[in-house]
Amino acid sequence: MTIEQIILIFKDVAARHKQVNGFKVAEDYNFGVMDDNDYPALLLTPANANLPRDENGFSMFTTDFELKVVDLVNDDLDNKIHVFSDSIEILKDIVNEFNTHEYYIDLGLDIISDASFSKLDGFTDSDLYGYGTELTIASPNKLSFCTAPISNLSGFNFTPAAVTVTDGLVEHTLYPSDTYTCEVAASPTEIAYQQIPFSNNPSSQNLYDEYWQFANGILSRTQPVYPTHVAELDYDAVAPHYTLKNNNSDGNLNRFTDENGLQVYSNSLIVDHLYNVMYWGVAMVEDTQPNQIAAAQASTNGGYSDWYLASMPLLQTIRDYTLIPQSSFPAIFTGLTETTVHTSTYRPSSSNIMYVSNVGQVLQATPTQLFLGIMWRKL
């Protein structure tokens, strides 16, 4: 696990802790001033790192992190003891989270240092008080050269003995072969995404329609052997349709982001981290269904050339039922001025197609009717 990945874990813990309002990574002299609403804040500074040798080689990677929890005190300092008490309790919560939560245990993360707390009086600002500690985080180190991003030695062939290596989570065996090639399992940082849904219609009636996409492997997905977690929604969240239970590949809990992991959408590209698919965030112009299927296939929007007209079951996955009857699609999709959109899904044994209504109904229409459309592509 990299230092950046561990920092993202601290950031996630800070975001989930109900007493922490801010998070920043910097040196002591460079934390700067934060808004009052950002306190209490968790401040993080990566320090030394080490790769100690043990009887198994270099099996563990350790990193020192300086953690500080600081908060504002009143001018008369009447809440200073309260700030001190809360700050150290938050640090204890973080230690306990790392030490006892099964998620971090499964990742192989461990705090191998004592947690000694130092009081902070007037930290970088006369109004900031709190506590700090230094923790040494240990994580599994990849043992085999097979896991390094280094090309094989040209012409170097041999028959090695079987060797057991670890990919950071699970041990697995590399078996000998006449020409040695690395047999490396999926990265432990990969996420198992939800399978792209399919309507089970038995035939294709139009080139590049939903059944064509299914038959040509566009809807298929190979899941990682050792996923970090399965992408799923957090139904306990305030906005469960938009909130993941675990971090996405960009290190946040947002189901929908732009291509940079943010929610700016300046390029009209929308990534759905639940199914690991991308949508073009602007509705297609009104047209017949065959024309929209062809237009999606010919599109190079966003610099990509593998767009398809979205199917009925795929559109159902992004429909926000909490907005019914006002709207069925998230507001990040623009141009959806009509109540219905064409889909690439045909009704079985019929020339009628299915379309999705903004009030959550699945209705029928002929291919020649004019409706809007939404394009998607698989990541």
# chains A, B, ... in the order shown; residues from 1 in each chain; ligands from 1
$ residues_around --residues "Ala41 of chain A" --least-positions-apart "6" --cutoff "7 Å" --atoms "only C-alpha atoms" --output "count of residues only"
7
$ closest_atom_pairs --of "segment 27-91 of chain A" --to "segment 107-116 of chain A" --cutoff "12 Å" --atoms "only C-alpha atoms" --output "JSON lines"
{"residue": "A:Ser59", "atom": "CA", "partner": "A:Gly108", "partner_atom": "CA", "distance": 11.4}
{"residue": "A:Met60", "atom": "CA", "partner": "A:Gly108", "partner_atom": "CA", "distance": 9.6}
{"residue": "A:Phe61", "atom": "CA", "partner": "A:Leu109", "partner_atom": "CA", "distance": 9.8}
{"residue": "A:Thr62", "atom": "CA", "partner": "A:Ile112", "partner_atom": "CA", "distance": 8.6}
{"residue": "A:Thr63", "atom": "CA", "partner": "A:Ile111", "partner_atom": "CA", "distance": 9.8}
{"residue": "A:Asp64", "atom": "CA", "partner": "A:Ser113", "partner_atom": "CA", "distance": 9.2}
{"residue": "A:Phe65", "atom": "CA", "partner": "A:Ile111", "partner_atom": "CA", "distance": 10.5}
{"residue": "A:Glu66", "atom": "CA", "partner": "A:Ala115", "partner_atom": "CA", "distance": 10.7}
{"residue": "A:Leu67", "atom": "CA", "partner": "A:Ala115", "partner_atom": "CA", "distance": 10.4}
{"residue": "A:Lys68", "atom": "CA", "partner": "A:Ser116", "partner_atom": "CA", "distance": 11.8}
{"residue": "A:Ile88", "atom": "CA", "partner": "A:Ser116", "partner_atom": "CA", "distance": 10.3}
{"residue": "A:Leu91", "atom": "CA", "partner": "A:Ala115", "partner_atom": "CA", "distance": 9.1}
$ closest_residue --among "A:Asp250, A:Ala231, A:Ala331, A:Val341" --to "Leu262 of chain A" --atoms "only C-alpha atoms"
A:Asp250
$ closest_residue --among "A:Leu51, A:Val264, A:Ile137, A:Met375" --to "Gln5 of chain A" --atoms "only C-alpha atoms"
A:Ile137
$ residues_around --residues "Ser249 of chain A" --least-positions-apart "3" --cutoff "10 Å" --atoms "only C-alpha atoms" --output "PyMOL selection string"
chain A and resi 189-191+246+252-253+261+273+276
$ write_last_selection --atoms "C-alpha atoms" --output "PDB file, in the first residue's frame"
ATOM      1  CA  THR A 189      -6.749  -2.181  -4.608  1.00  0.00           C
ATOM      2  CA  GLU A 190      -9.183  -3.170  -7.373  1.00  0.00           C
ATOM      3  CA  ILE A 191     -12.905  -2.873  -6.737  1.00  0.00           C
ATOM      4  CA  ASN A 246     -16.794   2.289   0.542  1.00  0.00           C
ATOM      5  CA  ASN A 252     -14.184   9.346  -1.991  1.00  0.00           C
ATOM      6  CA  LEU A 253     -17.708   8.063  -1.377  1.00  0.00           C
ATOM      7  CA  GLY A 261     -12.968  12.143  -9.405  1.00  0.00           C
ATOM      8  CA  HIS A 273     -18.639   4.263  -9.670  1.00  0.00           C
ATOM      9  CA  ASN A 276     -17.968   1.541 -13.422  1.00  0.00           C
TER      10      ASN A 276
END
$ residues_around --residues "Tyr355 of chain A" --least-positions-apart "3" --cutoff "6 Å" --atoms "only C-alpha atoms" --output "JSON list (two decimals) with C-alpha atoms, in the first residue's frame"
[["chain", "number", "residue", "atom", "x", "y", "z"],
["A", 341, "VAL", "CA", -36.04, 9.00, -23.47],
["A", 342, "HIS", "CA", -35.37, 6.34, -26.09],
["A", 343, "THR", "CA", -33.46, 3.25, -25.01],
["A", 362, "VAL", "CA", -41.41, 1.60, -18.32],
["A", 363, "LEU", "CA", -43.62, 2.24, -21.37]]
$ atom_distance --atom1 "atom CA of Asp287 of chain A" --atom2 "atom CA of Gly303 of chain A"
23.1 Å
